[in-house]
Amino acid sequence: MSKKPKIAMYWASACGGCEVSLANVHEVLLDIDANFELVFCPCLVDGKIKDVEAMDDGELLITFFNGAIRNSENEEMAHLLRKKTKILIAYGACSKDGGIPALANLSSKEELFNTVYINNPSIDNPKGIIPQRVTIVEEGELRIPEFYNKVKSLGQTVDVDYFMPGCPPEPDQLINVVNLVLSGAELPPKGSVIGVGKTTVCEECSRKKSDKKISRIYRTYEIIPDEETCLLEQGIVCMGIATRGGCGGLCPNVNMPCTGCYGPPAGVDDQGAKMIGALGAIIDIAAIKDMPEEDIPDYVDNILKSIPDYAGTFYKFSLATALVNGRVNK
Amino acid sequence: MKRVTIDPISRLEGHGKIEIFLNDEGNVENAYLQVPELRGFEQFSVGRHAEDLPVITQRICGVCPEAHHMASVKALDAVFNVDPPPAAKKIRELLYSAFYVTDHTTHFYALGGPDFIVGPDAPPLERNILGVIHKVGVDIGKQVIACRSRNHQVIKTLGGRGIHPTGGVPGGWSKALKEEDRVNIEKIAKENIEFALFSLKAFDDIVLKNSDYLNLVTSDIYHHKTYYMGLVDKNNQLNFYDGMVRVVAPSGKEFVKYEAKDYMNHIAERVEPWTYLKFPYLKNVGWKGFVDGEDSGVYCATPLSRLNCTDGMPTPKAQEHYQQMFETFGSKKLGKRYEPVHFRLATHWARLIELLYAAERMLELATDPEITSPDVRVIPTTIKGEGVGCVEAPRGTLTHHYKTDENGVITHANLIVGTTNNYAPISMSIKRAAEQLITKGKVNEGMLNKVEMAFRLYDPCLSCATHNLPGKMPLQIEIKNSCGESLDIIRRDI
C-alpha cells in the first residue's frame with residue numbers, strides 16, 4: 001500500500017475541462033505522480049463510493065472538486081467528499097461560483113425541461129415524455145438522480161477550504177497549488193482563493209490604457225479592435241477590470257474581451273456589480289454637459305441598449321454566487 | 001427477474017449507469033444505458049448575445065470544446081449572414097486539425113489502445129497508458145505527452161487559450177496568424193505526421209499481426225449493421241470542418257446527402273423517461289427500437305462511420321491506410337469507396353487513419369500561402385436571425401442551430417452533440433456484449449472488460465485526457481434478484 005498522500009479530482013455538473021487542465025500540466029504529471037497517490041477523477045471516486053465511505057474522515061489530503069451542484073447525485077458526492085477530505089478545494093468556475101451551468105438559474109426547471117424535451121425542432125415526443133426519477137419499465141425499475149430547481153456552487157452546499165477560479169484554471173495555477181502543499185509551508189487562511197493573482201486581469205493585460213472615455217458600446221461582432229489598446233476603452237465590454245488575475249490576459253491577447261471566468265477579484269463580492277460600476281465610470285459624461293436634461297436618460301439608455309443581456313454579460317461565470325443569483329420567482 | 005447493475009461506468013458524457021435485466025432462465029432480457037445528467041444548454045443559451053455562444057456552448061465539453069466552438073461560430077456566420085475571408089476559414093480548420101491530432105492521440109494511447117496494445121485479457125492494472133509504455137517503450141509515453149503538449153500550444157497560439165479557445169467571431173477569426181507562428185506550426189504538423197505513421201505501424205505490429213486480436217475484432221460481439229454518418233466535401237471526401245452530411249445504408253449505398261441546415265428533415269430525437277439523454281435517429285427510416293438493419297433508423301457517427309461514408313481520403317498517406325483497412329476486412333469497392341466495415345472495434349484503426357489525415361491536413365493548411373493573410377474578419381451588416389453550424393466532432397457529427405431576434409439575442413437553440421448520435425448504437429453494443437457474456441445467471445468474469453470495450457470503442461465524450469491517463473476504471477456489477485437482494489458482486493478495483 002502506498003504511503004503517499006492521496007488526492008482526488010471529482011467532477012459534479014461539469015464539462016471535463018478541469019480534468020483536461022490537470023492533463024495539461026504535461027510533464028509535471030510525473031512529479032505529481034511521484035508525490036501523491038493520484039485519485040484521478042470520477043472513475044475512481046464513483047466506482048468506489050462504498051470504499052470512500054469506508055475511509056477515515058480526512059483520509060484524502062486534497063480533493064479538487066469541480067463542477068456545480070445541479071442534481072442530487074452531485075450534492076451527495078459533495079457531502080461525502082467533504083467528510084473524507086482534509087483540504088477541499090472548489091476547483092474551477094462552476095464549483096466556485098456556479099459557472100456557465102448556473103445561467104440555468106435564469107429560468108425554471110419546467111421551462112428547461114420543456115425546451116430540451118418538448119419544444120424543440122428535432123424532437124419526436126408526441127406523448128410529452130420528460131425524464132423521471134423513477135421509471136417502471138417492463139423488466140423492472142430504473143432510477144436517475146433528481147434535477148434540482150437551482151444550480152448551486154460547492155461553497156453553498158458544503159464547507160470549502162479553498163477556492164481556485166478559472167474556466168478552467170490554467171495548468172500553472174494547479175502547479176502553484178501542488179507546489180505550495182508540497183513545500184510544507186503554512187497554508188493561507190481557510191476560505192482563501194489560492195494559486196492565482198490578487199488583483200485583476202486588467203493589471204496583467206499588456207494592452208495600453210489611456211483613461212479614454214467611451215460614447216458607445218460595441219458588441220464583439222460589430223468592431224475589429226485595435227490590437228494594442230485597451231478593449232474597454234474601444235467600447236468593448238471586457239470584464240478584465242472586474243475579474244481576478246492569474247491567467248495573464250489570455251483572451252485580450254487574441255483581441256477578444258475577458259469574459260470573467262476567474263470570478264471577482266479580491267475584496268469584491270459581486271463581479272457584475274463591480275463591472276457595471278466600472279462601466280459607469282468610463283462612459284463619457286462630458287457630452288451631457290450641454291444636453292437638455294430630458295435628453296440625458298435617452299443618451300445613457302442608448303449606450304446601454306447595446307447590451308441586451310446583462311446577466312449573461314456580467315455574470316457569465318458567477319451567477320450562482322451573485323447577490324441576485326437568478327431569476328426572482330414571484 | 002434478476003438485475004445486474006453496472007454503476008457507474010465513467011467514460012460517457014456525464015456519469016453513466018448500465019442496468020441489465022435477466023429473465024427467469026438467467027439470460028439477458030434487456031439492458032439499459034442510463035445517462036443521469038443534464039445541464040440544459042438549449043435553455044440557458046436563450047437570452048444570450050448570439051456572439052457569446054461559441055464561448056458558452058463549448059462549456060458543454062472541456063474535452064472537445066474546439067468542436068463546439070467551431071460549430072457555434074459557423075452557425076453565427078449564418079445568423080449574421082456573413083462569409084468569413086479564406087484565411088479565417090483556414091485558421092479555424094488549422095486549429096481544428098491540431099485539436100484532432102491531440103484528441104485522437106489521447107484516445108489511442110490512453111483509452112482505447114491499451115485494450116489491444118497490452119491485450120484485452122491482460123490484468124486491468126496493466127491495461128493503461130503505463131502498460132502501453134512497458135509494451136512499446138518508455139519513449140512512447142514521452143512522445144504522447146509531447147504530442148498533446150505541442151498541439152495544445154497550437155490551439156493556444158491561434159485561439160488564445162489551450163482549453164476553451166476564444167478566437168471565433170461571426171465573419172471570421174479574431175486574430176491573424178503571424179509568420180513566425182506559422183513556421184512553428186508547420187514544424188509541429190510534420191512531427192504529427194511522423195507520430196501518426198508511427199502509431200499506425202504500432203497498431204499493425206501489435207494488433208493486425210496477432211490473429212487472436214483480429215479474431216476478436218471480427219467477432220459477433222462487436223458487429224452491428226447500422227447506417228453511418230459523416231461530413232464530406234465537394235469531392236465526397238472526408239472533411240472535419242465543413243461539407244455536406246452524408247448517410248450511407250448498411251449496404252454501403254448512399255441513403256442521403258444533405259446540407260447541414262436541413263438536418264431537421266433528416267434527424268429526429270426520441271425521449272425516454274429513464275434517461276436525461278435523447279436518442280437521435282434517421283427520421284425518414286423511423287425509430288424501430290434498439291435494433292440493427294436497413295429498417296432501423298439507428299445510425300452511428302464515429303471515425304469508422306466517417307470512413308464508411310467517404311469516397312477515399314483527401315490526403316495521400318491517409319488514403320493508403322484507408323485502402324489497407326477496408327481490404328483487410330474484405331470490403332468490396334463501391335465506386336470510390338468501399339462496402340462499410342461493421343466491426344465496431346475497427347473504429348480504433350479508423351481513428352488512427354483520421355489522426356494521420358488530420359496531421360496531413362494540418363501541414364497543407366500551415367503551408368498555405370493565404371493562411372498568414374491579415375484579412376481575417378468581415379463585419380456583418382445584417383442579422384438574418386437563424387443559422388445552423390455543423391462540424392465533425394471526434395465523437396460524431398455536431399450540429400448547432402440558433403434563432404435570434406433583430407438584436408442578435410438568442411431566442412432558440414437546438415444542439416445535437418457528437419456522442420448523442422451514438423447513444424442508441426452504444427446501448428446496442430452493451431446489450432450485445434451482455435447477451436454474449438451472461439448465460440444462465442452466470443456472469444462471466446471477462447464481462448467487465450468486454451462490456452468496457454463495447455462502449456470504449458466509441459470514445460464516449462469525457463473519456464479522454466485525465467480520466468484515462470492512469471487507465472483506471474473501476475467497475476462494479478451487482479446481481480440482484482427481483483426483491484432487490486444482492487446475489488453476487490463482481491468488481492474490479494483500481
# chains A, B, ... in the order shown; residues from 1 in each chain; ligands from 1
call {"tool": "residues_around", "arguments": {"residues": "Ala266 of chain A", "least_positions_apart": "4", "cutoff": "10 Å", "atoms": "only C-alpha atoms", "output": "list of chain:residue names"}}
result
A:Ser192, A:Val193, A:Gly197, A:Lys198, A:Thr199, A:Thr200, A:Ala242, A:Thr243, A:Arg244, A:Gly245
call {"tool": "interface_residues", "arguments": {"of": "chain A", "to": "chain B", "cutoff": "6 Å", "atoms": "only C-alpha atoms", "output": "list in words"}}
result
Cys15, Gly16, Gly17, Glu19, Val20, Ala23, Cys43, Gly47, Leu103, Ala104, Leu112, Thr115, Ser122, Ile123, Asp124, Ile130, Pro131, Gln132, Thr135, Ile144, Leu250, Cys251, Val254, Asn255, Asp309 and Gly312 of chain A
call {"tool": "residues_around", "arguments": {"residues": "Lys316 of chain A", "least_positions_apart": "2", "cutoff": "12 Å", "atoms": "only C-alpha atoms", "output": "PDB file with N, CA, C and O atoms, in the first residue's frame"}}
result
ATOM      1  N   ALA A  93     -14.515  27.472 -12.187  1.00  0.00           N
ATOM      2  CA  ALA A  93     -15.606  28.441 -12.076  1.00  0.00           C
ATOM      3  C   ALA A  93     -16.923  27.805 -11.625  1.00  0.00           C
ATOM      4  O   ALA A  93     -17.660  28.392 -10.834  1.00  0.00           O
ATOM      5  N   CYS A  94     -17.245  26.615 -12.113  1.00  0.00           N
ATOM      6  CA  CYS A  94     -18.550  26.006 -11.781  1.00  0.00           C
ATOM      7  C   CYS A  94     -18.637  25.704 -10.295  1.00  0.00           C
ATOM      8  O   CYS A  94     -19.650  25.956  -9.645  1.00  0.00           O
ATOM      9  N   ASP A  97     -18.262  29.401  -8.380  1.00  0.00           N
ATOM     10  CA  ASP A  97     -19.336  30.391  -8.499  1.00  0.00           C
ATOM     11  C   ASP A  97     -20.535  29.927  -9.333  1.00  0.00           C
ATOM     12  O   ASP A  97     -21.350  30.749  -9.733  1.00  0.00           O
ATOM     13  N   GLY A  98     -20.607  28.662  -9.648  1.00  0.00           N
ATOM     14  CA  GLY A  98     -21.710  28.158 -10.464  1.00  0.00           C
ATOM     15  C   GLY A  98     -21.371  28.003 -11.934  1.00  0.00           C
ATOM     16  O   GLY A  98     -21.894  27.135 -12.618  1.00  0.00           O
ATOM     17  N   GLY A  99     -20.482  28.897 -12.424  1.00  0.00           N
ATOM     18  CA  GLY A  99     -20.010  28.798 -13.807  1.00  0.00           C
ATOM     19  C   GLY A  99     -21.138  28.896 -14.821  1.00  0.00           C
ATOM     20  O   GLY A  99     -22.244  29.355 -14.522  1.00  0.00           O
ATOM     21  N   ILE A 100     -20.839  28.472 -16.017  1.00  0.00           N
ATOM     22  CA  ILE A 100     -21.826  28.536 -17.109  1.00  0.00           C
ATOM     23  C   ILE A 100     -23.123  27.781 -16.762  1.00  0.00           C
ATOM     24  O   ILE A 100     -24.214  28.278 -17.061  1.00  0.00           O
ATOM     25  N   PRO A 101     -23.057  26.601 -16.138  1.00  0.00           N
ATOM     26  CA  PRO A 101     -24.320  25.894 -15.868  1.00  0.00           C
ATOM     27  C   PRO A 101     -25.296  26.704 -15.016  1.00  0.00           C
ATOM     28  O   PRO A 101     -26.508  26.504 -15.086  1.00  0.00           O
ATOM     29  N   ALA A 102     -24.780  27.648 -14.227  1.00  0.00           N
ATOM     30  CA  ALA A 102     -25.652  28.442 -13.360  1.00  0.00           C
ATOM     31  C   ALA A 102     -26.481  29.452 -14.142  1.00  0.00           C
ATOM     32  O   ALA A 102     -27.430  30.027 -13.598  1.00  0.00           O
ATOM     33  N   LEU A 103     -26.152  29.678 -15.416  1.00  0.00           N
ATOM     34  CA  LEU A 103     -27.024  30.533 -16.231  1.00  0.00           C
ATOM     35  C   LEU A 103     -28.426  29.928 -16.303  1.00  0.00           C
ATOM     36  O   LEU A 103     -29.397  30.623 -16.594  1.00  0.00           O
ATOM     37  N   ALA A 104     -28.526  28.633 -16.024  1.00  0.00           N
ATOM     38  CA  ALA A 104     -29.846  27.985 -15.996  1.00  0.00           C
ATOM     39  C   ALA A 104     -30.716  28.568 -14.892  1.00  0.00           C
ATOM     40  O   ALA A 104     -31.937  28.400 -14.922  1.00  0.00           O
ATOM     41  N   ASN A 105     -30.122  29.245 -13.919  1.00  0.00           N
ATOM     42  CA  ASN A 105     -30.920  29.832 -12.842  1.00  0.00           C
ATOM     43  C   ASN A 105     -31.774  31.017 -13.319  1.00  0.00           C
ATOM     44  O   ASN A 105     -32.567  31.551 -12.561  1.00  0.00           O
ATOM     45  N   LEU A 106     -31.576  31.402 -14.584  1.00  0.00           N
ATOM     46  CA  LEU A 106     -32.414  32.461 -15.149  1.00  0.00           C
ATOM     47  C   LEU A 106     -33.775  31.927 -15.593  1.00  0.00           C
ATOM     48  O   LEU A 106     -34.646  32.694 -15.992  1.00  0.00           O
ATOM     49  N   CYS A 167     -12.003  28.964 -15.827  1.00  0.00           N
ATOM     50  CA  CYS A 167     -12.821  28.033 -16.616  1.00  0.00           C
ATOM     51  C   CYS A 167     -12.044  27.568 -17.834  1.00  0.00           C
ATOM     52  O   CYS A 167     -12.235  28.068 -18.907  1.00  0.00           O
ATOM     53  N   MET A 239     -14.330  42.241 -19.378  1.00  0.00           N
ATOM     54  CA  MET A 239     -14.554  42.082 -17.938  1.00  0.00           C
ATOM     55  C   MET A 239     -13.262  42.118 -17.122  1.00  0.00           C
ATOM     56  O   MET A 239     -13.280  41.917 -15.915  1.00  0.00           O
ATOM     57  N   THR A 243     -12.382  41.186 -12.917  1.00  0.00           N
ATOM     58  CA  THR A 243     -12.083  39.758 -12.883  1.00  0.00           C
ATOM     59  C   THR A 243     -10.707  39.509 -12.285  1.00  0.00           C
ATOM     60  O   THR A 243      -9.747  40.217 -12.597  1.00  0.00           O
ATOM     61  N   CYS A 258     -12.080  39.793 -22.080  1.00  0.00           N
ATOM     62  CA  CYS A 258     -12.191  38.890 -20.941  1.00  0.00           C
ATOM     63  C   CYS A 258     -13.686  38.666 -20.684  1.00  0.00           C
ATOM     64  O   CYS A 258     -14.476  39.609 -20.705  1.00  0.00           O
ATOM     65  N   THR A 259     -14.060  37.411 -20.440  1.00  0.00           N
ATOM     66  CA  THR A 259     -15.473  37.130 -20.169  1.00  0.00           C
ATOM     67  C   THR A 259     -15.710  36.861 -18.683  1.00  0.00           C
ATOM     68  O   THR A 259     -16.818  36.520 -18.282  1.00  0.00           O
ATOM     69  N   GLY A 260     -14.657  36.982 -17.895  1.00  0.00           N
ATOM     70  CA  GLY A 260     -14.844  36.949 -16.440  1.00  0.00           C
ATOM     71  C   GLY A 260     -14.737  35.589 -15.798  1.00  0.00           C
ATOM     72  O   GLY A 260     -15.231  35.394 -14.686  1.00  0.00           O
ATOM     73  N   CYS A 261     -14.065  34.636 -16.437  1.00  0.00           N
ATOM     74  CA  CYS A 261     -14.144  33.268 -15.924  1.00  0.00           C
ATOM     75  C   CYS A 261     -13.418  33.070 -14.591  1.00  0.00           C
ATOM     76  O   CYS A 261     -13.671  32.101 -13.893  1.00  0.00           O
ATOM     77  N   TYR A 262     -12.525  33.988 -14.225  1.00  0.00           N
ATOM     78  CA  TYR A 262     -11.840  33.844 -12.930  1.00  0.00           C
ATOM     79  C   TYR A 262     -12.640  34.449 -11.773  1.00  0.00           C
ATOM     80  O   TYR A 262     -12.161  34.481 -10.642  1.00  0.00           O
ATOM     81  N   GLY A 263     -13.820  34.949 -12.062  1.00  0.00           N
ATOM     82  CA  GLY A 263     -14.666  35.470 -10.988  1.00  0.00           C
ATOM     83  C   GLY A 263     -14.164  36.792 -10.446  1.00  0.00           C
ATOM     84  O   GLY A 263     -13.235  37.392 -10.982  1.00  0.00           O
ATOM     85  N   PRO A 264     -14.788  37.274  -9.358  1.00  0.00           N
ATOM     86  CA  PRO A 264     -14.444  38.606  -8.849  1.00  0.00           C
ATOM     87  C   PRO A 264     -13.041  38.643  -8.237  1.00  0.00           C
ATOM     88  O   PRO A 264     -12.559  37.646  -7.702  1.00  0.00           O
ATOM     89  N   GLN A 271     -19.295  40.282  -8.916  1.00  0.00           N
ATOM     90  CA  GLN A 271     -18.492  40.622 -10.094  1.00  0.00           C
ATOM     91  C   GLN A 271     -19.243  41.561 -11.043  1.00  0.00           C
ATOM     92  O   GLN A 271     -18.673  42.516 -11.565  1.00  0.00           O
ATOM     93  N   GLY A 272     -20.519  41.252 -11.267  1.00  0.00           N
ATOM     94  CA  GLY A 272     -21.302  42.058 -12.202  1.00  0.00           C
ATOM     95  C   GLY A 272     -21.467  43.488 -11.712  1.00  0.00           C
ATOM     96  O   GLY A 272     -21.344  44.447 -12.486  1.00  0.00           O
ATOM     97  N   ASP A 309     -28.276  41.710 -22.912  1.00  0.00           N
ATOM     98  CA  ASP A 309     -28.230  40.622 -21.927  1.00  0.00           C
ATOM     99  C   ASP A 309     -27.256  40.968 -20.801  1.00  0.00           C
ATOM    100  O   ASP A 309     -26.065  40.683 -20.890  1.00  0.00           O
ATOM    101  N   TYR A 310     -27.777  41.591 -19.752  1.00  0.00           N
ATOM    102  CA  TYR A 310     -26.909  41.945 -18.612  1.00  0.00           C
ATOM    103  C   TYR A 310     -26.407  40.692 -17.890  1.00  0.00           C
ATOM    104  O   TYR A 310     -25.227  40.562 -17.578  1.00  0.00           O
ATOM    105  N   ALA A 311     -27.322  39.781 -17.602  1.00  0.00           N
ATOM    106  CA  ALA A 311     -26.943  38.617 -16.788  1.00  0.00           C
ATOM    107  C   ALA A 311     -25.837  37.814 -17.462  1.00  0.00           C
ATOM    108  O   ALA A 311     -24.835  37.456 -16.847  1.00  0.00           O
ATOM    109  N   GLY A 312     -26.021  37.543 -18.765  1.00  0.00           N
ATOM    110  CA  GLY A 312     -25.045  36.720 -19.476  1.00  0.00           C
ATOM    111  C   GLY A 312     -23.753  37.456 -19.746  1.00  0.00           C
ATOM    112  O   GLY A 312     -22.713  36.848 -19.999  1.00  0.00           O
ATOM    113  N   THR A 313     -23.792  38.780 -19.710  1.00  0.00           N
ATOM    114  CA  THR A 313     -22.582  39.561 -19.943  1.00  0.00           C
ATOM    115  C   THR A 313     -21.787  39.736 -18.643  1.00  0.00           C
ATOM    116  O   THR A 313     -20.582  39.528 -18.609  1.00  0.00           O
ATOM    117  N   PHE A 314     -22.479  40.104 -17.581  1.00  0.00           N
ATOM    118  CA  PHE A 314     -21.777  40.467 -16.350  1.00  0.00           C
ATOM    119  C   PHE A 314     -21.624  39.298 -15.364  1.00  0.00           C
ATOM    120  O   PHE A 314     -20.824  39.367 -14.439  1.00  0.00           O
ATOM    121  N   SER A 318     -20.525  33.590 -12.828  1.00  0.00           N
ATOM    122  CA  SER A 318     -20.625  33.782 -11.376  1.00  0.00           C
ATOM    123  C   SER A 318     -22.055  33.998 -10.891  1.00  0.00           C
ATOM    124  O   SER A 318     -22.272  34.565  -9.828  1.00  0.00           O
ATOM    125  N   LEU A 319     -23.021  33.528 -11.656  1.00  0.00           N
ATOM    126  CA  LEU A 319     -24.402  33.839 -11.290  1.00  0.00           C
ATOM    127  C   LEU A 319     -24.831  33.183  -9.976  1.00  0.00           C
ATOM    128  O   LEU A 319     -25.573  33.785  -9.189  1.00  0.00           O
ATOM    129  N   ALA A 320     -24.362  31.966  -9.739  1.00  0.00           N
ATOM    130  CA  ALA A 320     -24.839  31.243  -8.540  1.00  0.00           C
ATOM    131  C   ALA A 320     -24.478  31.971  -7.255  1.00  0.00           C
ATOM    132  O   ALA A 320     -25.208  31.907  -6.264  1.00  0.00           O
ATOM    133  N   THR A 321     -23.354  32.684  -7.253  1.00  0.00           N
ATOM    134  CA  THR A 321     -22.928  33.353  -6.021  1.00  0.00           C
ATOM    135  C   THR A 321     -23.128  34.870  -6.085  1.00  0.00           C
ATOM    136  O   THR A 321     -22.638  35.598  -5.222  1.00  0.00           O
ATOM    137  N   ALA A 322     -23.831  35.345  -7.111  1.00  0.00           N
ATOM    138  CA  ALA A 322     -24.099  36.782  -7.206  1.00  0.00           C
ATOM    139  C   ALA A 322     -25.138  37.178  -6.159  1.00  0.00           C
ATOM    140  O   ALA A 322     -25.857  36.330  -5.618  1.00  0.00           O
ATOM    141  N   ASN A 325     -29.081  35.988  -7.487  1.00  0.00           N
ATOM    142  CA  ASN A 325     -28.445  34.830  -8.115  1.00  0.00           C
ATOM    143  C   ASN A 325     -29.364  34.050  -9.052  1.00  0.00           C
ATOM    144  O   ASN A 325     -29.343  32.837  -9.109  1.00  0.00           O
ATOM    145  N   GLY A 326     -30.155  34.784  -9.777  1.00  0.00           N
ATOM    146  CA  GLY A 326     -31.021  34.110 -10.740  1.00  0.00           C
ATOM    147  C   GLY A 326     -32.312  34.868 -10.850  1.00  0.00           C
ATOM    148  O   GLY A 326     -32.483  35.936 -10.240  1.00  0.00           O
TER     149      GLY A 326
ATOM    150  N   PHE B  44     -30.526  27.684 -21.451  1.00  0.00           N
ATOM    151  CA  PHE B  44     -29.892  28.924 -20.973  1.00  0.00           C
ATOM    152  C   PHE B  44     -29.058  29.625 -22.046  1.00  0.00           C
ATOM    153  O   PHE B  44     -28.509  30.688 -21.800  1.00  0.00           O
ATOM    154  N   SER B  45     -28.997  29.069 -23.258  1.00  0.00           N
ATOM    155  CA  SER B  45     -28.450  29.840 -24.376  1.00  0.00           C
ATOM    156  C   SER B  45     -29.435  30.922 -24.797  1.00  0.00           C
ATOM    157  O   SER B  45     -29.052  31.939 -25.374  1.00  0.00           O
ATOM    158  N   ARG B  48     -29.109  34.979 -24.434  1.00  0.00           N
ATOM    159  CA  ARG B  48     -27.708  35.406 -24.500  1.00  0.00           C
ATOM    160  C   ARG B  48     -27.442  36.140 -25.822  1.00  0.00           C
ATOM    161  O   ARG B  48     -28.136  35.915 -26.822  1.00  0.00           O
ATOM    162  N   HIS B  49     -26.379  36.945 -25.840  1.00  0.00           N
ATOM    163  CA  HIS B  49     -25.917  37.527 -27.092  1.00  0.00           C
ATOM    164  C   HIS B  49     -25.445  36.378 -27.981  1.00  0.00           C
ATOM    165  O   HIS B  49     -24.653  35.550 -27.533  1.00  0.00           O
ATOM    166  N   ASP B  52     -21.860  35.351 -28.106  1.00  0.00           N
ATOM    167  CA  ASP B  52     -21.268  34.708 -26.922  1.00  0.00           C
ATOM    168  C   ASP B  52     -21.370  33.178 -26.980  1.00  0.00           C
ATOM    169  O   ASP B  52     -20.757  32.480 -26.174  1.00  0.00           O
ATOM    170  N   LEU B  53     -22.145  32.651 -27.909  1.00  0.00           N
ATOM    171  CA  LEU B  53     -22.381  31.203 -27.869  1.00  0.00           C
ATOM    172  C   LEU B  53     -21.154  30.334 -28.146  1.00  0.00           C
ATOM    173  O   LEU B  53     -21.051  29.248 -27.581  1.00  0.00           O
ATOM    174  N   VAL B  55     -18.351  30.746 -26.924  1.00  0.00           N
ATOM    175  CA  VAL B  55     -17.710  30.658 -25.615  1.00  0.00           C
ATOM    176  C   VAL B  55     -18.599  29.897 -24.616  1.00  0.00           C
ATOM    177  O   VAL B  55     -18.116  29.111 -23.808  1.00  0.00           O
ATOM    178  N   ILE B  56     -19.909  30.116 -24.723  1.00  0.00           N
ATOM    179  CA  ILE B  56     -20.810  29.447 -23.778  1.00  0.00           C
ATOM    180  C   ILE B  56     -20.955  27.962 -24.116  1.00  0.00           C
ATOM    181  O   ILE B  56     -20.764  27.102 -23.256  1.00  0.00           O
ATOM    182  N   THR B  57     -21.271  27.659 -25.373  1.00  0.00           N
ATOM    183  CA  THR B  57     -21.585  26.254 -25.694  1.00  0.00           C
ATOM    184  C   THR B  57     -20.370  25.343 -25.622  1.00  0.00           C
ATOM    185  O   THR B  57     -20.524  24.135 -25.440  1.00  0.00           O
ATOM    186  N   ARG B  59     -18.564  25.055 -23.279  1.00  0.00           N
ATOM    187  CA  ARG B  59     -18.551  24.513 -21.912  1.00  0.00           C
ATOM    188  C   ARG B  59     -19.426  23.264 -21.799  1.00  0.00           C
ATOM    189  O   ARG B  59     -19.559  22.691 -20.720  1.00  0.00           O
TER     190      ARG B  59
END
call {"tool": "select_by_dssp", "arguments": {"residues": "segment 38-231 of chain A", "states": "strand (DSSP E or B)", "output": "JSON, numbers by chain"}}
result
{"A": [38, 39, 60, 61, 62, 63, 64, 65, 66, 68, 69, 70, 71, 85, 86, 87, 88, 89, 90, 91, 123, 124, 134, 135, 136, 137, 140, 141, 142, 143, 147, 148, 149, 150, 151, 152, 162, 163, 164, 193, 200, 208, 214, 218, 229]}
call {"tool": "atom_distance", "arguments": {"atom1": "atom CA of Ser108 of chain A", "atom2": "atom CA of Leu80 of chain A"}}
result
27.9 Å
call {"tool": "atom_distance", "arguments": {"atom1": "atom CA of Ala260 of chain B", "atom2": "atom CA of Val232 of chain B"}}
result
11.1 Å
call {"tool": "atom_distance", "arguments": {"atom1": "atom CA of Asn192 of chain B", "atom2": "atom CA of Thr397 of chain B"}}
result
23.9 Å
